[in-house]
>>> print(open('query_4.csv').read())   # CSV, C-alpha atoms and all ligand atoms
chain,number,residue,atom,x,y,z
A,1,GLN,CA,0.0,0.0,0.0
A,2,THR,CA,1.3,3.5,-0.9
A,3,ILE,CA,-0.3,6.7,0.2
A,4,GLU,CA,0.8,10.0,-1.4
A,5,ASN,CA,-0.9,12.5,0.9
A,6,GLY,CA,-3.8,13.0,3.2
A,7,SER,CA,-4.7,14.1,6.8
A,8,PHE,CA,-6.0,12.7,10.1
A,9,GLU,CA,-7.4,14.5,13.1
A,10,TRP,CA,-7.6,13.2,16.7
A,11,SER,CA,-8.3,14.6,20.1
A,12,ALA,CA,-6.7,13.1,23.2
A,13,PRO,CA,-7.5,14.0,26.8
A,14,SER,CA,-5.2,14.8,29.8
A,15,ASN,CA,-5.3,12.4,32.7
A,16,ILE,CA,-4.9,12.6,36.4
A,17,ALA,CA,-2.8,10.0,38.3
A,18,LEU,CA,-4.2,8.4,41.4
A,19,VAL,CA,-1.1,6.3,42.0
A,20,LYS,CA,1.7,8.4,40.8
A,21,TYR,CA,4.4,7.7,38.2
A,22,TRP,CA,7.6,9.3,39.5
A,23,GLY,CA,10.9,7.8,38.6
A,24,LYS,CA,11.8,6.0,35.4
A,25,LYS,CA,14.4,3.6,33.9
A,26,ALA,CA,15.9,3.8,30.4
A,27,ASN,CA,13.5,4.0,27.4
A,28,GLN,CA,10.7,5.6,29.4
A,29,ILE,CA,10.1,2.4,31.5
A,30,PRO,CA,8.4,3.4,34.7
A,31,ALA,CA,10.1,2.6,38.0
A,32,ASN,CA,6.6,1.7,39.4
A,33,PRO,CA,3.1,1.1,38.1
A,34,SER,CA,0.6,3.9,38.1
A,35,VAL,CA,-3.1,4.4,37.5
A,36,SER,CA,-5.1,7.4,36.4
A,37,PHE,CA,-8.6,8.7,35.6
A,38,THR,CA,-8.8,9.8,32.0
A,39,LEU,CA,-10.2,13.3,31.7
A,40,LYS,CA,-12.9,14.5,29.3
A,41,ASN,CA,-12.7,18.3,28.8
A,42,CYS,CA,-9.0,19.0,29.1
A,43,LYS,CA,-7.7,17.8,25.8
A,44,THR,CA,-5.4,18.4,22.8
A,45,ILE,CA,-6.8,18.4,19.3
A,46,THR,CA,-4.2,17.7,16.6
A,47,LYS,CA,-4.5,17.5,12.9
A,48,LEU,CA,-1.8,15.8,11.0
A,49,VAL,CA,-1.3,16.6,7.3
A,50,PHE,CA,1.1,14.4,5.4
A,51,THR,CA,2.7,14.5,1.9
A,52,LYS,CA,5.1,11.9,0.5
A,53,LYS,CA,8.6,13.3,-0.2
A,54,ASN,CA,11.0,12.3,-2.8
A,55,ASN,CA,13.8,11.7,-0.3
A,56,SER,CA,13.9,10.0,3.1
A,57,GLU,CA,17.0,11.3,4.7
A,58,ASN,CA,15.6,13.4,7.5
A,59,PHE,CA,12.5,14.0,9.5
A,60,SER,CA,10.6,16.9,8.0
A,61,PHE,CA,7.7,18.6,9.8
A,62,ASP,CA,6.1,22.0,10.6
A,63,LEU,CA,4.4,22.7,13.8
A,64,LEU,CA,1.4,25.0,14.3
A,65,PHE,CA,0.1,25.8,17.8
A,66,GLU,CA,-3.2,27.5,17.8
A,67,GLY,CA,-2.7,28.2,14.1
A,68,LYS,CA,0.7,29.9,14.5
A,69,PRO,CA,4.2,28.4,13.9
A,70,LYS,CA,5.7,27.3,17.1
A,71,GLU,CA,9.5,26.8,16.9
A,72,ASP,CA,10.1,26.0,20.6
A,73,PHE,CA,8.1,22.8,20.5
A,74,LYS,CA,10.0,21.4,17.6
A,75,PRO,CA,13.0,19.8,19.4
A,76,LYS,CA,10.6,17.8,21.5
A,77,ILE,CA,8.9,16.4,18.4
A,78,GLN,CA,12.2,15.8,16.7
A,79,LYS,CA,13.3,13.7,19.7
A,80,PHE,CA,10.0,11.9,19.7
A,81,PHE,CA,10.4,11.0,16.0
A,82,GLU,CA,13.9,9.8,16.6
A,83,ARG,CA,12.7,7.5,19.4
A,84,ILE,CA,9.7,6.0,17.5
A,85,GLU,CA,11.3,5.8,14.0
A,86,GLN,CA,12.3,2.1,14.5
A,87,TYR,CA,8.6,1.3,15.2
A,88,LEU,CA,7.2,3.5,12.3
A,89,PRO,CA,9.6,3.1,9.4
A,90,PHE,CA,7.7,5.4,7.1
A,91,LEU,CA,8.3,8.5,9.2
A,92,LYS,CA,11.1,9.9,7.0
A,93,GLU,CA,9.2,9.3,3.8
A,94,TYR,CA,6.6,12.1,4.6
A,95,HIS,CA,6.5,15.8,5.3
A,96,PHE,CA,4.1,16.4,8.2
A,97,THR,CA,2.3,19.5,9.2
A,98,ILE,CA,1.2,19.1,12.9
A,99,ASP,CA,-1.6,21.5,13.7
A,100,THR,CA,-2.4,21.4,17.3
A,101,GLN,CA,-4.5,23.2,20.0
A,102,ASN,CA,-5.6,22.7,23.6
A,103,THR,CA,-9.0,23.2,25.0
A,104,PHE,CA,-7.6,24.4,28.3
A,105,PRO,CA,-6.0,27.8,28.7
A,106,HIS,CA,-2.5,28.2,27.5
A,107,SER,CA,0.1,28.2,30.4
A,108,SER,CA,-2.5,27.3,32.9
A,109,GLY,CA,0.0,25.0,34.7
A,110,ILE,CA,-1.9,22.0,33.3
A,111,ALA,CA,0.6,19.8,31.6
A,112,SER,CA,-0.3,19.4,27.9
A,113,SER,CA,2.5,16.8,27.3
A,114,ALA,CA,0.2,13.8,28.0
A,115,SER,CA,-2.7,14.9,25.8
A,116,GLY,CA,-0.4,16.4,23.2
A,117,MET,CA,1.8,13.3,22.7
A,118,ALA,CA,-1.2,11.0,22.8
A,119,ALA,CA,-3.0,13.0,20.1
A,120,LEU,CA,0.1,13.0,17.9
A,121,ALA,CA,0.6,9.2,18.5
A,122,MET,CA,-3.0,8.5,17.5
A,123,ASN,CA,-2.6,10.4,14.2
A,124,LEU,CA,0.6,8.6,13.4
A,125,MET,CA,-1.1,5.3,14.1
A,126,SER,CA,-3.9,6.2,11.8
A,127,LEU,CA,-1.3,6.6,9.0
A,128,GLU,CA,0.3,3.3,10.0
A,129,LYS,CA,-3.1,1.6,9.8
A,130,ALA,CA,-3.8,3.2,6.4
A,131,LEU,CA,-0.6,1.6,5.2
A,132,ASN,CA,-1.3,-1.7,7.0
A,133,PRO,CA,-5.1,-2.0,6.9
A,134,GLU,CA,-5.3,-5.5,8.4
A,135,MET,CA,-4.2,-4.3,11.8
A,136,SER,CA,-6.6,-5.2,14.7
A,137,GLU,CA,-8.2,-2.6,16.9
A,138,LYS,CA,-6.5,-4.0,20.0
A,139,TYR,CA,-3.1,-3.7,18.3
A,140,PHE,CA,-3.9,-0.2,17.1
A,141,TYR,CA,-4.6,1.2,20.5
A,142,GLN,CA,-1.9,-0.7,22.2
A,143,LYS,CA,0.8,0.5,19.8
A,144,ALA,CA,-0.6,4.0,20.0
A,145,SER,CA,-0.2,3.9,23.8
A,146,PHE,CA,3.3,2.4,23.3
A,147,LEU,CA,4.3,5.3,21.0
A,148,ALA,CA,2.7,7.9,23.2
A,149,ARG,CA,4.8,6.6,26.2
A,150,LEU,CA,7.9,7.3,24.2
A,151,GLY,CA,6.8,11.0,23.8
A,152,SER,CA,5.9,11.5,27.5
A,153,GLY,CA,5.5,8.6,29.9
A,154,SER,CA,2.1,9.6,31.3
A,155,ALA,CA,0.7,10.1,27.7
A,156,CYS,CA,0.3,6.3,27.4
A,157,ARG,CA,-2.5,6.6,29.9
A,158,SER,CA,-4.4,9.1,27.7
A,159,VAL,CA,-5.3,6.7,24.8
A,160,LYS,CA,-8.2,4.5,25.8
A,161,GLY,CA,-10.4,3.8,28.8
A,162,GLN,CA,-11.8,5.7,31.8
A,163,ILE,CA,-9.3,4.2,34.2
A,164,VAL,CA,-5.9,3.3,32.8
A,165,ALA,CA,-3.1,1.3,34.5
A,166,TRP,CA,0.5,1.6,33.3
A,167,GLY,CA,3.4,-0.6,34.5
A,168,ASN,CA,3.8,-4.2,35.4
A,169,HIS,CA,1.7,-5.2,38.4
A,170,ALA,CA,1.3,-8.7,39.7
A,171,ASN,CA,-2.5,-8.4,40.1
A,172,ILE,CA,-3.4,-6.6,36.9
A,173,GLU,CA,-3.6,-9.1,34.1
A,174,GLY,CA,-2.1,-7.8,30.9
A,175,SER,CA,-0.4,-4.8,32.5
A,176,SER,CA,2.8,-3.7,30.9
A,177,ASP,CA,5.7,-1.3,31.4
A,178,GLU,CA,5.4,-0.5,27.7
A,179,PHE,CA,1.8,0.7,27.4
A,180,GLY,CA,-1.3,1.8,29.3
A,181,LEU,CA,-4.0,-0.8,29.8
A,182,GLU,CA,-7.7,0.0,30.2
A,183,PHE,CA,-8.5,-1.2,33.7
A,184,PRO,CA,-9.6,-4.7,33.1
A,185,TYR,CA,-11.8,-5.4,36.2
A,186,SER,CA,-15.2,-4.2,37.3
A,187,ILE,CA,-15.6,-0.6,38.4
A,188,HIS,CA,-18.2,0.4,41.0
A,189,GLU,CA,-20.9,2.8,40.2
A,190,ASN,CA,-19.5,5.3,42.6
A,191,PHE,CA,-16.8,6.1,40.1
A,192,LYS,CA,-19.1,6.7,37.2
A,193,LYS,CA,-18.7,10.2,36.0
A,194,TYR,CA,-16.3,11.0,38.8
A,195,GLN,CA,-15.6,14.7,38.9
A,196,ASP,CA,-12.3,16.5,38.8
A,197,THR,CA,-12.4,20.3,39.3
A,198,ILE,CA,-8.9,21.7,38.7
A,199,LEU,CA,-8.1,24.8,40.8
A,200,LEU,CA,-5.5,26.9,39.1
A,201,VAL,CA,-3.3,28.1,42.0
A,202,ASP,CA,-0.2,29.0,40.0
A,203,LYS,CA,-0.1,29.3,36.3
A,204,GLY,CA,3.6,30.0,36.1
A,205,GLU,CA,6.2,27.9,34.3
A,206,LYS,CA,7.0,24.7,36.1
A,207,GLN,CA,9.9,25.0,38.5
A,208,VAL,CA,11.0,21.4,37.8
A,209,SER,CA,10.4,19.7,34.5
A,210,SER,CA,9.1,16.1,34.9
A,211,THR,CA,12.3,14.9,33.1
A,212,VAL,CA,14.4,16.4,35.9
A,213,GLY,CA,12.0,15.2,38.5
A,214,HIS,CA,12.1,11.6,37.4
A,215,ASP,CA,15.9,11.7,37.3
A,216,LEU,CA,15.9,12.8,40.9
A,217,MET,CA,14.6,9.4,41.9
A,218,HIS,CA,17.9,7.9,40.9
A,219,ASN,CA,20.0,7.8,44.1
A,220,HIS,CA,17.0,9.0,46.1
A,221,PRO,CA,17.3,7.7,49.6
A,222,PHE,CA,13.6,6.6,49.8
A,223,ALA,CA,13.2,5.4,46.2
A,224,GLU,CA,13.0,1.6,46.8
A,225,LYS,CA,10.4,2.0,49.6
A,226,ARG,CA,8.4,4.4,47.4
A,227,PHE,CA,8.3,2.0,44.4
A,228,ALA,CA,7.2,-0.9,46.6
A,229,GLN,CA,4.5,1.3,48.2
A,230,ALA,CA,3.1,2.2,44.7
A,231,HIS,CA,2.6,-1.5,44.1
A,232,LYS,CA,0.7,-1.8,47.4
A,233,ASN,CA,-1.4,1.2,46.8
A,234,LEU,CA,-2.4,0.0,43.4
A,235,ASP,CA,-3.3,-3.3,44.9
A,236,LYS,CA,-5.6,-1.6,47.4
A,237,LEU,CA,-7.1,0.5,44.6
A,238,ILE,CA,-8.0,-2.6,42.6
A,239,ASN,CA,-10.3,-3.7,45.4
A,240,ILE,CA,-11.6,-0.1,46.0
A,241,PHE,CA,-12.6,0.3,42.3
A,242,GLU,CA,-14.6,-2.9,42.7
A,243,ASN,CA,-16.2,-2.3,46.1
A,244,GLY,CA,-16.7,1.5,45.8
A,245,ASN,CA,-15.3,2.3,49.3
A,246,LEU,CA,-14.8,6.1,49.0
A,247,GLU,CA,-13.2,6.5,52.4
A,248,ALA,CA,-10.5,4.1,51.4
A,249,PHE,CA,-10.2,5.7,48.0
A,250,ILE,CA,-9.6,9.1,49.5
A,251,GLU,CA,-6.9,7.8,51.9
A,252,ILE,CA,-4.9,6.3,49.0
A,253,VAL,CA,-5.3,9.2,46.6
A,254,GLU,CA,-4.4,12.0,49.1
A,255,SER,CA,-1.5,10.0,50.4
A,256,GLU,CA,-0.2,9.4,46.9
A,257,ALA,CA,-0.3,13.2,46.2
A,258,LEU,CA,1.6,14.0,49.3
A,259,ILE,CA,4.1,11.3,48.7
A,260,LEU,CA,4.8,12.7,45.2
A,261,HIS,CA,5.6,16.0,46.8
A,262,ALA,CA,7.5,14.4,49.7
A,263,MET,CA,9.8,12.7,47.1
A,264,MET,CA,10.5,16.2,45.6
A,265,MET,CA,11.1,17.7,49.0
A,266,THR,CA,13.6,15.0,50.0
A,267,SER,CA,15.6,14.7,46.8
A,268,MET,CA,18.9,16.4,46.1
A,269,PRO,CA,18.4,19.1,45.0
A,270,TYR,CA,15.1,19.6,46.8
A,271,PHE,CA,12.0,21.4,45.7
A,272,ILE,CA,8.8,22.7,47.2
A,273,LEU,CA,6.2,22.8,44.4
A,274,MET,CA,3.2,23.6,46.5
A,275,LYS,CA,2.3,27.3,47.1
A,276,PRO,CA,0.7,28.7,50.3
A,277,ASN,CA,-2.7,28.6,48.6
A,278,THR,CA,-2.2,24.9,47.8
A,279,LEU,CA,-2.1,24.2,51.5
A,280,GLU,CA,-5.0,26.6,52.2
A,281,ILE,CA,-7.1,24.6,49.8
A,282,ILE,CA,-6.0,21.2,51.2
A,283,ASN,CA,-7.0,22.4,54.7
A,284,ALA,CA,-10.3,23.8,53.6
A,285,ILE,CA,-11.1,20.5,51.8
A,286,TRP,CA,-10.3,18.5,55.0
A,287,LYS,CA,-12.4,20.9,57.1
A,288,PHE,CA,-15.4,20.7,54.7
A,289,ARG,CA,-15.2,16.9,54.5
A,290,LYS,CA,-15.1,16.5,58.3
A,291,ALA,CA,-18.1,18.9,58.7
A,292,THR,CA,-20.3,17.5,55.9
A,293,GLN,CA,-19.1,13.9,55.5
A,294,ILE,CA,-19.1,14.5,51.7
A,295,PRO,CA,-16.4,12.3,50.1
A,296,VAL,CA,-14.4,15.0,48.4
A,297,CYS,CA,-10.6,14.8,48.2
A,298,PHE,CA,-7.6,16.3,46.5
A,299,THR,CA,-4.7,15.2,44.4
A,300,LEU,CA,-1.7,17.1,43.0
A,301,ASP,CA,0.5,16.9,40.0
A,302,ALA,CA,4.1,18.1,40.0
A,303,GLY,CA,3.0,21.6,40.6
A,304,ALA,CA,0.8,23.9,42.8
A,305,ASN,CA,-2.6,23.3,41.2
A,306,VAL,CA,-5.1,21.2,43.1
A,307,HIS,CA,-7.4,18.6,41.5
A,308,VAL,CA,-10.6,18.3,43.6
A,309,LEU,CA,-12.1,14.8,43.1
A,310,TYR,CA,-15.6,13.8,44.1
A,311,PRO,CA,-18.5,11.6,42.9
A,312,GLU,CA,-21.1,13.0,40.6
A,313,ASN,CA,-24.0,12.8,43.2
A,314,VAL,CA,-22.4,15.5,45.4
A,315,LYS,CA,-21.6,17.8,42.5
A,316,ASP,CA,-23.9,20.6,43.5
A,317,GLU,CA,-22.7,20.8,47.1
A,318,VAL,CA,-19.1,20.6,46.2
A,319,LEU,CA,-19.3,23.2,43.4
A,320,GLN,CA,-21.0,25.5,45.9
A,321,PHE,CA,-18.2,24.9,48.4
A,322,ILE,CA,-15.6,25.5,45.7
A,323,GLN,CA,-17.2,28.8,44.6
A,324,LYS,CA,-17.7,30.0,48.1
A,325,GLU,CA,-14.5,28.9,49.8
A,326,LEU,CA,-11.8,27.9,47.3
A,327,VAL,CA,-12.0,30.2,44.3
A,328,GLY,CA,-10.3,32.9,46.3
A,329,TYR,CA,-7.2,30.9,46.5
A,330,CYS,CA,-7.0,30.5,42.7
A,331,GLN,CA,-5.0,32.8,40.3
A,332,ASN,CA,-7.6,35.1,38.7
A,333,ALA,CA,-10.3,33.0,40.3
A,334,GLN,CA,-9.7,30.4,37.6
A,335,TYR,CA,-10.8,26.8,37.8
A,336,ILE,CA,-11.7,24.1,35.2
A,337,CYS,CA,-14.6,21.6,35.7
A,338,ASP,CA,-13.8,18.2,34.3
A,339,GLU,CA,-14.8,14.6,34.8
A,340,ILE,CA,-13.8,11.0,33.8
A,341,GLY,CA,-13.7,10.6,30.0
A,342,GLU,CA,-13.1,7.7,27.6
A,343,GLY,CA,-9.8,8.5,25.9
A,344,ALA,CA,-8.8,9.6,22.4
A,345,THR,CA,-11.4,10.3,19.7
A,346,LYS,CA,-11.0,10.4,15.9
A,347,ILE,CA,-12.5,13.6,14.5
B,1,LIG,O1,4.7,12.0,31.8
B,1,LIG,P1,5.7,12.8,32.6
B,1,LIG,O2,7.1,12.3,32.3
B,1,LIG,O3,5.5,14.3,32.3
B,1,LIG,O4,5.5,12.5,34.1
B,1,LIG,C1,4.3,12.9,34.8
B,1,LIG,C2,4.4,12.6,36.3
B,1,LIG,C3,3.2,13.0,37.1
B,1,LIG,O5,2.3,13.8,36.4
B,1,LIG,C4,3.7,13.9,38.3
B,1,LIG,C5,2.6,11.8,37.8
B,1,LIG,C6,1.7,11.0,36.8
B,1,LIG,O6,1.7,9.7,37.1
B,1,LIG,O7,1.1,11.5,35.9
>>> encode(input="query_4.csv", output="structure tokens")
Amino acid sequence: QTIENGSFEWSAPSNIALVKYWGKKANQIPANPSVSFTLKNCKTITKLVFTKKNNSENFSFDLLFEGKPKEDFKPKIQKFFERIEQYLPFLKEYHFTIDTQNTFPHSSGIASSASGMAALAMNLMSLEKALNPEMSEKYFYQKASFLARLGSGSACRSVKGQIVAWGNHANIEGSSDEFGLEFPYSIHENFKKYQDTILLVDKGEKQVSSTVGHDLMHNHPFAEKRFAQAHKNLDKLINIFENGNLEAFIEIVESEALILHAMMMTSMPYFILMKPNTLEIINAIWKFRKATQIPVCFTLDAGANVHVLYPENVKDEVLQFIQKELVGYCQNAQYICDEIGEGATKI
């Protein structure tokens, strides 16, 4: 099969880890397994236009971000192409225009690497499938996740499924260090349409890139204990997803968020990525939960923003609480309402 030119377009969502990936080995292999909720509204939409070239010496691509050329993203894409070329041998035969945009505000402190790399990987897999039409759907999504991982580790959890596990785990059949797996066991109703309201506490540039952060887990004094603990926490979550025990869910999720930050505070060099308002929000959530018994909790990424997680049936009460008591801690009163989604979608 030869294809001269054409285009594909995919959207891929961001995801929020419940058990955190922090620390990696060579080739984007995670030091411990992780699991995340796929989001729905925070996503990247990428159109890939391709034209066959008459030489295949170099990678050739243009990058448009929100319609305008974006030179500073190019080295990341170049590196991604170099990593995946051995799995997509046609890469140097085409010129690509990568036209990409995010649904969430630019520089909101929400990482776009997961959704961005997943959306690009989906498009490249569409071309791979056009060239090899007999490919199964399972293979298509698995390889898309495999490729996305090579762009940004957590991107492999943004491809398919509401809950995605990544990394070998003894009690998750089919789990792999090489790609994300749609959580294969039953999920309790309590997690249906689970809500994630993202409070934008600090929209500034990240103090520590995740690449540097993962590296700090090499020679980290607590690394081995941490990796073992991630396995245990994931074990507990497997049961919680099935039995719907929200109290137990909250305990694991909040602990994982604080452990992620504890790892950064205890590495060398050390970092504090929370801001005073991050702590104000955490304390307010604890106070509200104690007073109302409403099962709302927080998680954090490698930054100061807070993800507020809660079941759909308490949405009104929690949004009221957020508007009344938490919005004041957000930069420009900004927050984003999201919920569990399904993964990447072809447009
Ligand atoms: O995908 P990366 O390399 O940007 O790492 C992301 C790490 C965290 O977001 C902090 C945790 C996670 O599991 O998503």
>>> residues_near_ligand(input="query_4.csv", ligand="ligand LIG 1 (chain B)", cutoff="9 Å", atoms="all atoms listed in the file", output="PyMOL selection string")
chain A and resi 15-24+28+33-36+111-114+149+151-157+209-211+213-214+257+260-261+300-303
>>> residues_around(input="query_4.csv", residues="Ala130 (chain A)", least_positions_apart="6", cutoff="12 Å", atoms="all atoms listed in the file", output="mmCIF file with C-alpha atoms, in the frame of the given file")
data_model
loop_
_atom_site.group_PDB
_atom_site.id
_atom_site.type_symbol
_atom_site.label_atom_id
_atom_site.label_comp_id
_atom_site.auth_asym_id
_atom_site.auth_seq_id
_atom_site.Cartn_x
_atom_site.Cartn_y
_atom_site.Cartn_z
ATOM 1 C CA GLN A 1 0.000 0.000 0.000
ATOM 2 C CA THR A 2 1.300 3.500 -0.900
ATOM 3 C CA ILE A 3 -0.300 6.700 0.200
ATOM 4 C CA GLU A 4 0.800 10.000 -1.400
ATOM 5 C CA ASN A 5 -0.900 12.500 0.900
ATOM 6 C CA GLY A 6 -3.800 13.000 3.200
ATOM 7 C CA SER A 7 -4.700 14.100 6.800
ATOM 8 C CA PHE A 8 -6.000 12.700 10.100
ATOM 9 C CA PHE A 90 7.700 5.400 7.100
ATOM 10 C CA ASN A 123 -2.600 10.400 14.200
ATOM 11 C CA LEU A 124 0.600 8.600 13.400
ATOM 12 C CA PHE A 140 -3.900 -0.200 17.100
#
>>> atom_distance(input="query_4.csv", atom1="CA of Thr38 (chain A)", atom2="CA of Asn190 (chain A)")
15.7 Å
>>> residues_near_point(input="query_4.csv", point="(10.5, 6.9, 5.8)", cutoff="10 Å", atoms="all atoms listed in the file", output="compact mmCIF listing (two decimals) with C-alpha atoms, keeping the file's coordinate frame")
# COMPACT_ATOMS: atom_id res chain seq x y z
CA LYS A 52 5.10 11.90 0.50
CA LYS A 53 8.60 13.30 -0.20
CA ASN A 55 13.80 11.70 -0.30
CA SER A 56 13.90 10.00 3.10
CA GLU A 57 17.00 11.30 4.70
CA ASN A 58 15.60 13.40 7.50
CA PHE A 59 12.50 14.00 9.50
CA GLU A 85 11.30 5.80 14.00
CA LEU A 88 7.20 3.50 12.30
CA PRO A 89 9.60 3.10 9.40
CA PHE A 90 7.70 5.40 7.10
CA LEU A 91 8.30 8.50 9.20
CA LYS A 92 11.10 9.90 7.00
CA GLU A 93 9.20 9.30 3.80
CA TYR A 94 6.60 12.10 4.60
CA HIS A 95 6.50 15.80 5.30
>>> residues_near_point(input="query_4.csv", point="(1.2, 11.3, 12.1)", cutoff="8 Å", atoms="only C-alpha atoms", output="compact mmCIF listing (two decimals) with C-alpha atoms, in the frame of the given file")
# COMPACT_ATOMS: atom_id res chain seq x y z
CA PHE A 8 -6.00 12.70 10.10
CA LEU A 48 -1.80 15.80 11.00
CA VAL A 49 -1.30 16.60 7.30
CA PHE A 50 1.10 14.40 5.40
CA PHE A 96 4.10 16.40 8.20
CA ILE A 98 1.20 19.10 12.90
CA LEU A 120 0.10 13.00 17.90
CA ALA A 121 0.60 9.20 18.50
CA MET A 122 -3.00 8.50 17.50
CA ASN A 123 -2.60 10.40 14.20
CA LEU A 124 0.60 8.60 13.40
CA MET A 125 -1.10 5.30 14.10
CA SER A 126 -3.90 6.20 11.80
CA LEU A 127 -1.30 6.60 9.00
>>> closest_residue(input="query_4.csv", among="A:Trp286, A:Asn168, A:Gln331, A:Ile336", to="Leu319 (chain A)", atoms="only C-alpha atoms")
A:Ile336
>>> closest_residue(input="query_4.csv", among="A:Ser255, A:Val208, A:Ala165, A:Met264", to="Ile238 (chain A)", atoms="all atoms listed in the file")
A:Ala165
>>> residues_around(input="query_4.csv", residues="Leu200 (chain A)", least_positions_apart="2", cutoff="6 Å", atoms="all atoms listed in the file", output="list in words")
Asp202, Asn305, Cys330, Gln334 and Tyr335 of chain A
>>> residues_around(input="query_4.csv", residues="Lys43 (chain A)", least_positions_apart="3", cutoff="10 Å", atoms="only C-alpha atoms", output="VMD selection string")
chain A and resid 11 to 15 39 to 40 46 101 to 104 112 114 to 116 118 to 119 158 343 to 344
>>> closest_residue(input="query_4.csv", among="A:Leu326, A:Ile347, A:Ile163, A:Ala228", to="Ile285 (chain A)", atoms="all atoms listed in the file")
A:Leu326
>>> atom_distance(input="query_4.csv", atom1="CA of Cys337 (chain A)", atom2="CA of Ile252 (chain A)")
22.5 Å
>>> residues_around(input="query_4.csv", residues="Thr278 (chain A)", least_positions_apart="2", cutoff="7 Å", atoms="only C-alpha atoms", output="count of residues only")
10
>>> closest_residue(input="query_4.csv", among="A:His307, A:Phe222, A:Phe241, A:Phe179", to="Met265 (chain A)", atoms="only C-alpha atoms")
A:Phe222
>>> atom_distance(input="query_4.csv", atom1="CA of Val253 (chain A)", atom2="CA of Trp166 (chain A)")
16.4 Å
>>> closest_residue(input="query_4.csv", among="A:Leu147, A:Met217, A:Ile84, A:Ile340", to="Pro269 (chain A)", atoms="all atoms listed in the file")
A:Met217
>>> closest_residue(input="query_4.csv", among="A:Lys315, A:Lys287, A:Lys143, A:Lys47", to="Gln195 (chain A)", atoms="all atoms listed in the file")
A:Lys315
